[in-house]
Protein chains: 2
Amino acid sequence: MNSTLKDIARELGVSVSTISRVVNNKTYVNPKTRKIVLEGLKKFNYMPNQVARSLKKQSTGTVGIVVPDISENFFTEIIKGIDEVLGKKDISIVLADSSESAQKETNYLKLLYQNRIDALILATVSKNHDALDIYNSNNIPVIFIDNMPDNDHNFDSVIIDNNKASLLAVNHLIENNHRDIAIIVGSPDETTGYERLNGYRRALEQHNIIIDEHLIQYGNYKEDSGYQCMKALIQNRKDHPFTAIYIGSEMMTYGAIKAIKEYDFRIPEDIALVGFDVHDKSGLITPGITSVRQPENYIGKTVANLVINRLKEKKGNSHMNPVYQHIVLEPSLEIRKSSNNRDL
Amino acid sequence: MNSTLKDIARELGVSVSTISRVVNNKTYVNPKTRKIVLEGLKKFNYMPNQVARSLKKQSTGTVGIVVPDISENFFTEIIKGIDEVLGKKDISIVLADSSESAQKETNYLKLLYQNRIDALILATVSKNHDALDIYNSNNIPVIFIDNMPDNDHNFDSVIIDNNKASLLAVNHLIENNHRDIAIIVGSPDETTGYERLNGYRRALEQHNIIIDEHLIQYGNYKEDSGYQCMKALIQNRKDHPFTAIYIGSEMMTYGAIKAIKEYDFRIPEDIALVGFDVHDKSGLITPGITSVRQPENYIGKTVANLVINRLKEKKGNSHMNPVYQHIVLEPSLEIRKSSNNRDL
DNA sequence: GTGAAAGCGCTAACAC
DNA sequence: GTGTTAGCGCTTTCAC
């Protein structure tokens with residue numbers, strides 16, 4: 001069995017507080033006793049009980065992360081970035097996967113609160129954030145990534161400029177002589193859907209292209225919805241023709257391509273394509289897919305530093321700086337074969 | 001601020017223990033007081049402090065998972081399987097990424113112990129498991145996945161039959177008329193390396209093919225090592241010719257293909273290829289890669305059920321059943337274009 | 001059926 | 001420089 005401070009204190013004939021002092025080496029301890037204690041700790045292989053510590057200190061040294069899907073590279077790369085920074089500060093991470101379910105997300109928010117995480121990083125899929133009230137009222141920092149919350153902004157956030165992301169994508173297609181450009185995008189209830197659609201509209205308007213609302217399809221980020229949306233577009237092609245498509249997520253991109261292939265259209269010759277967040281770890285995806293990319297690692301590091309600052313503030317004043325930070329990072333466009341038919 | 005049992009007790013004029021009773025609804029409580037208490041709990045939006053609970057109960061309801069790389073689909077799919085089962089039992093998961101570093105792994109084992117996880121699921125990259133002694137002596141179940149520990153087997157495990165995996169892969173190549181088959185495999189210090197190499201040898205021996213030791217390359221599971229190993233094989237090709245290659249991990253497979261392409265060899269015409277754990281989420285990898293596949297979701301669920309059983313045992317006897325379980329699951333072979341040149 | 005009280009393992013005043 | 005003690009929030013035994 002594991003020994004506690006009390007056990008060791010009894011054994012060594014010193015008080016618990018003395019041992020606690022050398023374990024945490026804060027106050028000065030007589031070098032002689034310190035040595036005795038250190039040997040005792042080693043002998044008993046003392047491992048502090050973090051649970052007891054957390055209870056006493058009212059802080060667990062843990063931050064919670066909730067994402068919709070840990071098998072998406074986009075999220076795992078962010079998590080790694082976060083981990084790189086927080087690990088150095090001895091802050092542990094508790095990771096939860098909401099499986100794109102608002103209900104599960106809410107449950108996790110409660111669960112994590114009960115576990116008294118020191119801060120929360122949230123890639124929300126929900127419109128309702130009442131579960132965050134308890135974080136607010138207990139002064140626990142919450143930082144949004146990927147998606148912003150609906151109404152009030154009592155939280156920090158780190159996202160990319162989704163509007164600009166779409167401008168990059170659509171302008172690129174326009175430069176490649178496309179004017180009839182369709183889009184498959186997430187629900188406008190989420191900022192990632194709303195802002196990306198916005199950018200699409202703006203790009204077209206800037207080039208005086210009249211927007212055909214039939215070329216706009218709303219998906220749910222999953223592969224099958226990309227497939228279904230693409231099918232719908234293709235079936236309407238007679239009345240609402242298009243030569244290019246812009247798709248707002250990785251899995252929907254793969255689904256859409258599946259549909260395109262089923263109808264024997266060629267990419268990019270018949271349909272030029274720009275995706276979003278496409279990670280080709282294999283380097284073998286054919287055709288290479290032009291895609292909007294986000295700086296995942298940097299997002300992760302930025303979020304982590306924000307967390308650290310918030311935690312530092314809290315230790316100081318006891319009240320957080322009420323000015324919330326909304327950090328907006330730059331997306332980029334990775335150009336591959338799928339969009340390039342300038343030579344036709 | 002958050003209210004505690006004490007706060008609410010004072011407010012309602014009942015004792016702390018009564019409230020605790022209705023919160024956990026174990027003992028019978030007078031329906032009238034129960035009602036009063038329930039209303040009070042709602043009014044104050046009571047959220048139990050899991051830290052205090054854990055300290056008192058000497059159990060956190062949390063299991064730790066340590067994997068070498070959360071961006072590998074192999075691991076995230078396992079984690080999802082685990083989560084599906086444990087989530088239903090209200091057991092939370094703490095996830096740690098050791099980044100393929102034995103040092104980091106050891107640190108996490110200590111950290112997780114200090115956080116008093118109730119059980120540990122470990123995909124080890126280390127040869128030294130001294131850090132697990134403390135788990136052993138405190139009766140905390142440890143379950144290995146993917147790799148087995150070096151010497152003693154005081155732990156449960158859930159792995160696939162790696163030997164058989166190689167038989168599937170190599171026999172398939174032999175059936176496609178290959179006899180000079182190279183291999184890139186993980187370090188023989190790990191069971192995933194050792195057993196996969198073993199199976200490779202056995203398959204060749206069973207077909208009376210003399211093994212050319214020069215065709216055996218040891219990598220470290222990362223992409224670049226696949227690339228380097230493949231390059232080495234190609235450069236020795238004059239003296240040690242081969243027409244097919246079997247590669248023991250996903251990222252090494254991609255690295256190896258990169259090298260093959262650099263030398264302008266064709267797959268499968270010049271070099272037929274079988275990979276391991278290749279996940280093609282896009283469905284667009286060209287050529288399609290024949291690969292050994294593991295039942296990740298099922299592995300996850302199996303591990304989770306083992307955890308649950310161990311925890312149940314512990315609650316009962318206080319001593320765990322000393323018979324350790326080593327569950328071995330079946331790999332399968334997913335056949336695609338990369339290995340198929342039977343028609344040549 | 002309910003309350004009082006001990007105690008999980010630790011930290012941090014406060015005394016000396 | 002070190003020990004004593006209270007208490008973090010909770011569960012659970014033991015009285016009544």
# chains A, B, ... in the order shown; residues from 1 in each chain; ligands from 1
>>> residues_around(residues="DC16 (chain C)", least_positions_apart="3", cutoff="12 Å", atoms="only C-alpha atoms (C1' of nucleotides)", output="list of chain:residue names")
D:DG1, D:DT2, D:DG3, D:DT4
>>> write_last_selection(atoms="all heavy atoms", output="PDB file, in the first residue's frame")
ATOM      1  P    DG D   1      15.660  28.907   9.951  1.00  0.00           P
ATOM      2  OP1  DG D   1      16.937  29.039   9.340  1.00  0.00           O
ATOM      3  OP2  DG D   1      14.499  29.706   9.499  1.00  0.00           O
ATOM      4  O5'  DG D   1      15.196  27.390  10.020  1.00  0.00           O
ATOM      5  C5'  DG D   1      16.071  26.439  10.563  1.00  0.00           C
ATOM      6  C4'  DG D   1      15.249  25.521  11.432  1.00  0.00           C
ATOM      7  O4'  DG D   1      14.303  26.290  12.223  1.00  0.00           O
ATOM      8  C3'  DG D   1      14.418  24.512  10.633  1.00  0.00           C
ATOM      9  O3'  DG D   1      14.440  23.298  11.352  1.00  0.00           O
ATOM     10  C2'  DG D   1      13.016  25.140  10.607  1.00  0.00           C
ATOM     11  C1'  DG D   1      12.964  25.829  11.955  1.00  0.00           C
ATOM     12  N9   DG D   1      12.107  27.025  11.989  1.00  0.00           N
ATOM     13  C8   DG D   1      12.059  28.050  11.096  1.00  0.00           C
ATOM     14  N7   DG D   1      11.180  28.967  11.411  1.00  0.00           N
ATOM     15  C5   DG D   1      10.598  28.514  12.590  1.00  0.00           C
ATOM     16  C6   DG D   1       9.581  29.079  13.398  1.00  0.00           C
ATOM     17  O6   DG D   1       8.968  30.127  13.240  1.00  0.00           O
ATOM     18  N1   DG D   1       9.307  28.278  14.516  1.00  0.00           N
ATOM     19  C2   DG D   1       9.947  27.096  14.799  1.00  0.00           C
ATOM     20  N2   DG D   1       9.564  26.464  15.918  1.00  0.00           N
ATOM     21  N3   DG D   1      10.894  26.550  14.059  1.00  0.00           N
ATOM     22  C4   DG D   1      11.161  27.318  12.964  1.00  0.00           C
ATOM     23  P    DT D   2      13.916  21.974  10.907  1.00  0.00           P
ATOM     24  OP1  DT D   2      14.785  20.895  11.411  1.00  0.00           O
ATOM     25  OP2  DT D   2      13.626  22.113   9.464  1.00  0.00           O
ATOM     26  O5'  DT D   2      12.550  21.888  11.705  1.00  0.00           O
ATOM     27  C5'  DT D   2      12.585  21.537  13.093  1.00  0.00           C
ATOM     28  C4'  DT D   2      11.212  21.651  13.658  1.00  0.00           C
ATOM     29  O4'  DT D   2      10.674  22.966  13.413  1.00  0.00           O
ATOM     30  C3'  DT D   2      10.194  20.678  13.081  1.00  0.00           C
ATOM     31  O3'  DT D   2       9.865  19.760  14.096  1.00  0.00           O
ATOM     32  C2'  DT D   2       9.010  21.547  12.652  1.00  0.00           C
ATOM     33  C1'  DT D   2       9.272  22.844  13.389  1.00  0.00           C
ATOM     34  N1   DT D   2       8.741  24.088  12.791  1.00  0.00           N
ATOM     35  C2   DT D   2       7.762  24.773  13.464  1.00  0.00           C
ATOM     36  O2   DT D   2       7.295  24.404  14.524  1.00  0.00           O
ATOM     37  N3   DT D   2       7.331  25.918  12.848  1.00  0.00           N
ATOM     38  C4   DT D   2       7.791  26.441  11.645  1.00  0.00           C
ATOM     39  O4   DT D   2       7.336  27.483  11.201  1.00  0.00           O
ATOM     40  C5   DT D   2       8.811  25.678  11.002  1.00  0.00           C
ATOM     41  C7   DT D   2       9.378  26.151   9.708  1.00  0.00           C
ATOM     42  C6   DT D   2       9.241  24.544  11.586  1.00  0.00           C
ATOM     43  P    DG D   3       8.940  18.551  13.857  1.00  0.00           P
ATOM     44  OP1  DG D   3       9.494  17.374  14.564  1.00  0.00           O
ATOM     45  OP2  DG D   3       8.635  18.479  12.413  1.00  0.00           O
ATOM     46  O5'  DG D   3       7.646  19.035  14.652  1.00  0.00           O
ATOM     47  C5'  DG D   3       7.783  19.390  16.032  1.00  0.00           C
ATOM     48  C4'  DG D   3       6.473  19.946  16.539  1.00  0.00           C
ATOM     49  O4'  DG D   3       6.200  21.207  15.876  1.00  0.00           O
ATOM     50  C3'  DG D   3       5.264  19.052  16.270  1.00  0.00           C
ATOM     51  O3'  DG D   3       4.474  19.013  17.457  1.00  0.00           O
ATOM     52  C2'  DG D   3       4.542  19.750  15.124  1.00  0.00           C
ATOM     53  C1'  DG D   3       4.876  21.212  15.374  1.00  0.00           C
ATOM     54  N9   DG D   3       4.887  22.054  14.187  1.00  0.00           N
ATOM     55  C8   DG D   3       5.626  21.862  13.053  1.00  0.00           C
ATOM     56  N7   DG D   3       5.456  22.796  12.148  1.00  0.00           N
ATOM     57  C5   DG D   3       4.526  23.663  12.732  1.00  0.00           C
ATOM     58  C6   DG D   3       3.961  24.849  12.221  1.00  0.00           C
ATOM     59  O6   DG D   3       4.159  25.398  11.145  1.00  0.00           O
ATOM     60  N1   DG D   3       3.062  25.411  13.131  1.00  0.00           N
ATOM     61  C2   DG D   3       2.769  24.891  14.358  1.00  0.00           C
ATOM     62  N2   DG D   3       1.877  25.564  15.077  1.00  0.00           N
ATOM     63  N3   DG D   3       3.297  23.779  14.849  1.00  0.00           N
ATOM     64  C4   DG D   3       4.168  23.210  13.988  1.00  0.00           C
ATOM     65  P    DT D   4       3.241  18.070  17.608  1.00  0.00           P
ATOM     66  OP1  DT D   4       3.414  17.285  18.843  1.00  0.00           O
ATOM     67  OP2  DT D   4       3.063  17.371  16.327  1.00  0.00           O
ATOM     68  O5'  DT D   4       2.045  19.086  17.806  1.00  0.00           O
ATOM     69  C5'  DT D   4       2.272  20.402  18.228  1.00  0.00           C
ATOM     70  C4'  DT D   4       0.964  21.178  18.161  1.00  0.00           C
ATOM     71  O4'  DT D   4       0.959  22.043  16.997  1.00  0.00           O
ATOM     72  C3'  DT D   4      -0.289  20.313  18.045  1.00  0.00           C
ATOM     73  O3'  DT D   4      -1.325  20.946  18.773  1.00  0.00           O
ATOM     74  C2'  DT D   4      -0.555  20.301  16.538  1.00  0.00           C
ATOM     75  C1'  DT D   4      -0.154  21.741  16.173  1.00  0.00           C
ATOM     76  N1   DT D   4       0.284  21.945  14.758  1.00  0.00           N
ATOM     77  C2   DT D   4      -0.135  23.080  14.095  1.00  0.00           C
ATOM     78  O2   DT D   4      -0.854  23.932  14.586  1.00  0.00           O
ATOM     79  N3   DT D   4       0.344  23.204  12.804  1.00  0.00           N
ATOM     80  C4   DT D   4       1.172  22.296  12.145  1.00  0.00           C
ATOM     81  O4   DT D   4       1.526  22.511  10.996  1.00  0.00           O
ATOM     82  C5   DT D   4       1.552  21.137  12.900  1.00  0.00           C
ATOM     83  C7   DT D   4       2.427  20.111  12.272  1.00  0.00           C
ATOM     84  C6   DT D   4       1.096  21.007  14.152  1.00  0.00           C
TER      85       DT D   4
END
>>> residues_around(residues="region 1-14 of chain C", least_positions_apart="5", cutoff="6 Å", atoms="only C-alpha atoms (C1' of nucleotides)", output="PDB file with N, CA and C atoms, in the first residue's frame")
ATOM      1  N   ALA A  52      -6.188  14.774  -2.753  1.00  0.00           N
ATOM      2  CA  ALA A  52      -6.200  15.507  -1.486  1.00  0.00           C
ATOM      3  C   ALA A  52      -5.658  16.919  -1.684  1.00  0.00           C
ATOM      4  N   ARG A  53      -4.579  16.992  -2.427  1.00  0.00           N
ATOM      5  CA  ARG A  53      -3.998  18.285  -2.723  1.00  0.00           C
ATOM      6  C   ARG A  53      -5.004  19.214  -3.380  1.00  0.00           C
TER       7      ARG A  53
ATOM      8  N   LEU B  55     -11.687  11.690  -2.725  1.00  0.00           N
ATOM      9  CA  LEU B  55     -10.796  11.574  -1.570  1.00  0.00           C
ATOM     10  C   LEU B  55     -11.436  10.681  -0.520  1.00  0.00           C
ATOM     11  N   LYS B  56     -12.695  10.928  -0.283  1.00  0.00           N
ATOM     12  CA  LYS B  56     -13.395  10.150   0.736  1.00  0.00           C
ATOM     13  C   LYS B  56     -13.548   8.685   0.313  1.00  0.00           C
TER      14      LYS B  56
END
>>> interface_residues(of="chain B", to="chain D", cutoff="9 Å", atoms="only C-alpha atoms (C1' of nucleotides)", output="ChimeraX atom specification")
/B:4-6,17,20,48-57
>>> interface_residues(of="chain A", to="chain B", cutoff="9 Å", atoms="only C-alpha atoms", output="VMD selection string")
chain A and resid 1 to 2 45 47 to 52 54 to 55 60 70 to 73 75 to 77 79 to 80 83 92 to 97 110 to 111 113 to 116 134 137 to 139 250 to 251 253 to 255 257 to 258 280 to 287
>>> select_by_dssp(residues="region 132-299 of chain A", states="alpha helix (DSSP H)", output="CSV table (one decimal) with C-alpha atoms, in the first residue's frame")
chain,number,residue,atom,x,y,z
A,133,ASP,CA,-23.1,29.5,-16.5
A,134,ILE,CA,-21.6,27.5,-13.7
A,135,TYR,CA,-18.1,28.1,-15.1
A,136,ASN,CA,-18.8,31.8,-15.3
A,137,SER,CA,-20.1,32.1,-11.8
A,162,ASN,CA,-13.6,31.9,-41.7
A,163,ASN,CA,-14.8,34.7,-43.9
A,164,LYS,CA,-11.3,35.1,-45.3
A,165,ALA,CA,-10.9,31.4,-45.7
A,166,SER,CA,-13.8,31.4,-48.1
A,167,LEU,CA,-12.5,34.4,-50.0
A,168,LEU,CA,-9.2,32.5,-50.5
A,169,ALA,CA,-11.0,29.4,-51.8
A,170,VAL,CA,-13.6,31.1,-54.0
A,171,ASN,CA,-11.3,33.7,-55.4
A,172,HIS,CA,-8.9,31.0,-56.4
A,173,LEU,CA,-11.7,29.3,-58.3
A,174,ILE,CA,-12.7,32.5,-59.9
A,175,GLU,CA,-9.1,33.1,-61.0
A,191,THR,CA,-20.0,30.3,-37.0
A,192,THR,CA,-18.0,27.9,-39.0
A,193,GLY,CA,-21.0,27.5,-41.3
A,194,TYR,CA,-22.2,31.0,-41.2
A,195,GLU,CA,-18.9,32.8,-41.7
A,196,ARG,CA,-17.8,30.4,-44.4
A,197,LEU,CA,-21.0,30.9,-46.3
A,198,ASN,CA,-20.6,34.7,-45.8
A,199,GLY,CA,-17.2,34.7,-47.4
A,200,TYR,CA,-18.5,32.7,-50.3
A,201,ARG,CA,-21.2,35.3,-50.9
A,202,ARG,CA,-18.8,38.1,-50.6
A,203,ALA,CA,-16.3,36.7,-53.0
A,204,LEU,CA,-19.0,36.2,-55.7
A,205,GLU,CA,-20.5,39.6,-55.1
A,206,GLN,CA,-17.1,41.2,-55.4
A,223,GLU,CA,-19.0,12.3,-44.8
A,224,ASP,CA,-22.4,11.1,-45.8
A,225,SER,CA,-23.8,14.6,-45.8
A,226,GLY,CA,-21.1,15.7,-48.2
A,227,TYR,CA,-22.1,12.8,-50.4
A,228,GLN,CA,-25.8,13.6,-50.3
A,229,CYS,CA,-25.3,17.3,-50.9
A,230,MET,CA,-23.1,16.7,-53.9
A,231,LYS,CA,-25.6,14.2,-55.3
A,232,ALA,CA,-28.4,16.8,-55.0
A,233,LEU,CA,-26.2,19.4,-56.8
A,234,ILE,CA,-25.4,17.1,-59.6
A,235,GLN,CA,-29.0,16.1,-60.0
A,250,GLU,CA,-12.7,17.4,-44.6
A,251,MET,CA,-15.1,14.6,-44.3
A,252,MET,CA,-17.7,16.3,-46.4
A,253,THR,CA,-15.1,16.8,-49.1
A,254,TYR,CA,-14.4,13.0,-49.2
A,255,GLY,CA,-18.1,12.3,-49.4
A,256,ALA,CA,-18.7,14.8,-52.2
A,257,ILE,CA,-15.8,13.3,-54.2
A,258,LYS,CA,-17.4,9.9,-53.8
A,259,ALA,CA,-20.6,11.3,-55.4
A,260,ILE,CA,-18.7,13.0,-58.2
A,261,LYS,CA,-17.0,9.7,-59.0
A,262,GLU,CA,-20.2,7.8,-59.0
A,296,GLU,CA,-3.7,23.7,-36.0
A,297,ASN,CA,-0.5,23.5,-34.0
A,298,TYR,CA,-0.4,27.3,-33.6
A,299,ILE,CA,-4.1,27.4,-32.6
>>> atom_distance(atom1="CA of Leu311 (chain B)", atom2="CA of Thr106 (chain B)")
23.2 Å
>>> residues_around(residues="Ile247 (chain A)", least_positions_apart="4", cutoff="8 Å", atoms="only C-alpha atoms (C1' of nucleotides)", output="PyMOL selection string")
chain A and resi 183-185+252-253+273-276
>>> atom_distance(atom1="CA of Ile143 (chain B)", atom2="CA of Val158 (chain B)")
7.3 Å
>>> atom_distance(atom1="CA of Ser291 (chain A)", atom2="CA of Ser332 (chain A)")
8.4 Å
>>> residues_around(residues="Lys35 (chain A)", least_positions_apart="3", cutoff="12 Å", atoms="only C-alpha atoms (C1' of nucleotides)", output="PyMOL selection string")
chain A and resi 12+18-19+22-23+29-32+38-42
>>> write_last_selection(atoms="N, CA and C atoms", output="short mmCIF file (atom, residue, chain, number, x, y, z; two decimals), in the first residue's frame")
data_model
loop_
_atom_site.label_atom_id
_atom_site.label_comp_id
_atom_site.auth_asym_id
_atom_site.auth_seq_id
_atom_site.Cartn_x
_atom_site.Cartn_y
_atom_site.Cartn_z
N LEU A 12 9.38 8.63 10.84
CA LEU A 12 10.62 9.42 10.93
C LEU A 12 10.67 10.24 12.21
N THR A 18 6.36 19.38 8.35
CA THR A 18 7.77 19.42 7.94
C THR A 18 7.95 18.64 6.64
N ILE A 19 7.37 17.47 6.61
CA ILE A 19 7.50 16.68 5.39
C ILE A 19 6.85 17.39 4.23
N VAL A 22 9.17 19.90 2.82
CA VAL A 22 10.26 19.49 1.92
C VAL A 22 9.70 18.96 0.60
N VAL A 23 8.56 18.29 0.67
CA VAL A 23 7.97 17.82 -0.59
C VAL A 23 7.73 19.00 -1.54
N VAL A 29 13.83 24.65 5.35
CA VAL A 29 13.86 23.56 6.32
C VAL A 29 15.32 23.28 6.67
N ASN A 30 15.57 23.00 7.91
CA ASN A 30 16.93 22.67 8.35
C ASN A 30 17.51 21.56 7.47
N PRO A 31 18.68 21.85 6.91
CA PRO A 31 19.28 20.89 5.97
C PRO A 31 19.36 19.48 6.53
N LYS A 32 19.61 19.36 7.83
CA LYS A 32 19.71 18.02 8.42
C LYS A 32 18.38 17.28 8.36
N LEU A 38 14.07 13.53 3.11
CA LEU A 38 14.23 13.11 1.72
C LEU A 38 14.49 11.61 1.63
N GLU A 39 15.33 11.14 2.54
CA GLU A 39 15.61 9.71 2.53
C GLU A 39 14.37 8.91 2.86
N GLY A 40 13.62 9.43 3.82
CA GLY A 40 12.37 8.75 4.18
C GLY A 40 11.41 8.68 3.00
N LEU A 41 11.30 9.81 2.29
CA LEU A 41 10.39 9.86 1.15
C LEU A 41 10.78 8.82 0.11
N LYS A 42 12.07 8.75 -0.11
CA LYS A 42 12.55 7.79 -1.10
C LYS A 42 12.31 6.36 -0.63
#
>>> decode(residues="chain D", atoms="N, CA, C and O atoms (P, O5', C5', C4', C3', O3' and C1' of nucleotides)", output="compact mmCIF listing (two decimals), in the first residue's frame")
# COMPACT_ATOMS: atom_id res chain seq x y z
P DG D 1 15.66 28.91 9.95
O5' DG D 1 15.20 27.39 10.02
C5' DG D 1 16.07 26.44 10.56
C4' DG D 1 15.25 25.52 11.43
C3' DG D 1 14.42 24.51 10.63
O3' DG D 1 14.44 23.30 11.35
C1' DG D 1 12.96 25.83 11.96
P DT D 2 13.92 21.97 10.91
O5' DT D 2 12.55 21.89 11.70
C5' DT D 2 12.59 21.54 13.09
C4' DT D 2 11.21 21.65 13.66
C3' DT D 2 10.19 20.68 13.08
O3' DT D 2 9.86 19.76 14.10
C1' DT D 2 9.27 22.84 13.39
P DG D 3 8.94 18.55 13.86
O5' DG D 3 7.65 19.03 14.65
C5' DG D 3 7.78 19.39 16.03
C4' DG D 3 6.47 19.95 16.54
C3' DG D 3 5.26 19.05 16.27
O3' DG D 3 4.47 19.01 17.46
C1' DG D 3 4.88 21.21 15.37
P DT D 4 3.24 18.07 17.61
O5' DT D 4 2.04 19.09 17.81
C5' DT D 4 2.27 20.40 18.23
C4' DT D 4 0.96 21.18 18.16
C3' DT D 4 -0.29 20.31 18.05
O3' DT D 4 -1.33 20.95 18.77
C1' DT D 4 -0.15 21.74 16.17
P DT D 5 -2.76 20.31 18.87
O5' DT D 5 -3.46 21.08 17.65
C5' DT D 5 -3.50 22.49 17.66
C4' DT D 5 -4.28 23.00 16.48
C3' DT D 5 -5.58 22.22 16.21
O3' DT D 5 -6.62 23.15 16.03
C1' DT D 5 -4.31 22.41 14.22
P DA D 6 -8.13 22.71 16.12
O5' DA D 6 -8.75 23.52 14.90
C5' DA D 6 -8.20 24.79 14.57
C4' DA D 6 -8.45 25.07 13.10
C3' DA D 6 -9.81 24.59 12.59
O3' DA D 6 -10.31 25.60 11.74
C1' DA D 6 -8.11 23.62 11.29
P DG D 7 -11.84 25.56 11.30
O5' DG D 7 -11.70 25.02 9.82
C5' DG D 7 -10.84 25.68 8.92
C4' DG D 7 -10.74 24.85 7.67
C3' DG D 7 -12.07 24.17 7.28
O3' DG D 7 -12.24 24.30 5.89
C1' DG D 7 -10.38 22.59 7.34
P DC D 8 -13.67 24.53 5.28
O5' DC D 8 -13.45 24.27 3.74
C5' DC D 8 -12.40 24.84 3.00
C4' DC D 8 -11.91 23.83 1.99
C3' DC D 8 -13.03 22.92 1.48
O3' DC D 8 -13.59 23.49 0.31
C1' DC D 8 -10.99 21.70 1.98
P DG D 9 -15.14 23.83 0.24
O5' DG D 9 -15.80 22.40 0.01
C5' DG D 9 -15.55 21.70 -1.19
C4' DG D 9 -16.09 20.30 -1.03
C3' DG D 9 -17.57 20.23 -0.65
O3' DG D 9 -18.21 19.42 -1.61
C1' DG D 9 -16.27 18.83 0.74
P DC D 10 -19.69 18.92 -1.51
O5' DC D 10 -19.51 17.44 -0.96
C5' DC D 10 -18.92 16.48 -1.81
C4' DC D 10 -18.43 15.32 -1.01
C3' DC D 10 -19.52 14.42 -0.44
O3' DC D 10 -19.78 13.39 -1.39
C1' DC D 10 -17.71 14.76 1.10
P DT D 11 -20.98 12.38 -1.17
O5' DT D 11 -20.36 11.35 -0.13
C5' DT D 11 -19.35 10.47 -0.57
C4' DT D 11 -18.97 9.54 0.57
C3' DT D 11 -20.05 8.55 0.98
O3' DT D 11 -19.39 7.32 1.21
C1' DT D 11 -19.39 9.79 2.85
P DT D 12 -20.16 5.95 1.26
O5' DT D 12 -20.09 5.56 2.80
C5' DT D 12 -18.85 5.66 3.48
C4' DT D 12 -19.07 5.57 4.97
C3' DT D 12 -20.26 4.68 5.37
O3' DT D 12 -19.86 3.92 6.50
C1' DT D 12 -20.47 6.77 6.38
P DT D 13 -20.39 2.41 6.64
O5' DT D 13 -20.29 2.21 8.23
C5' DT D 13 -19.04 2.41 8.84
C4' DT D 13 -19.20 3.20 10.12
C3' DT D 13 -20.08 2.51 11.17
O3' DT D 13 -19.27 2.22 12.30
C1' DT D 13 -20.62 4.82 10.96
P DC D 14 -19.75 1.14 13.41
O5' DC D 14 -20.42 2.11 14.49
C5' DC D 14 -19.74 3.31 14.87
C4' DC D 14 -20.71 4.25 15.53
C3' DC D 14 -21.74 3.56 16.43
O3' DC D 14 -21.61 4.07 17.74
C1' DC D 14 -22.76 5.19 15.03
P DA D 15 -22.15 3.21 18.98
O5' DA D 15 -22.94 4.35 19.78
C5' DA D 15 -24.18 4.69 19.29
C4' DA D 15 -24.46 6.15 19.54
C3' DA D 15 -25.72 6.34 20.39
O3' DA D 15 -25.63 7.50 21.18
C1' DA D 15 -26.12 7.03 18.12
P DC D 16 -26.60 7.52 22.48
O5' DC D 16 -28.00 8.00 21.88
C5' DC D 16 -28.18 9.37 21.52
C4' DC D 16 -29.43 9.48 20.70
C3' DC D 16 -30.70 9.00 21.38
O3' DC D 16 -31.58 10.09 21.58
C1' DC D 16 -30.62 8.34 19.11
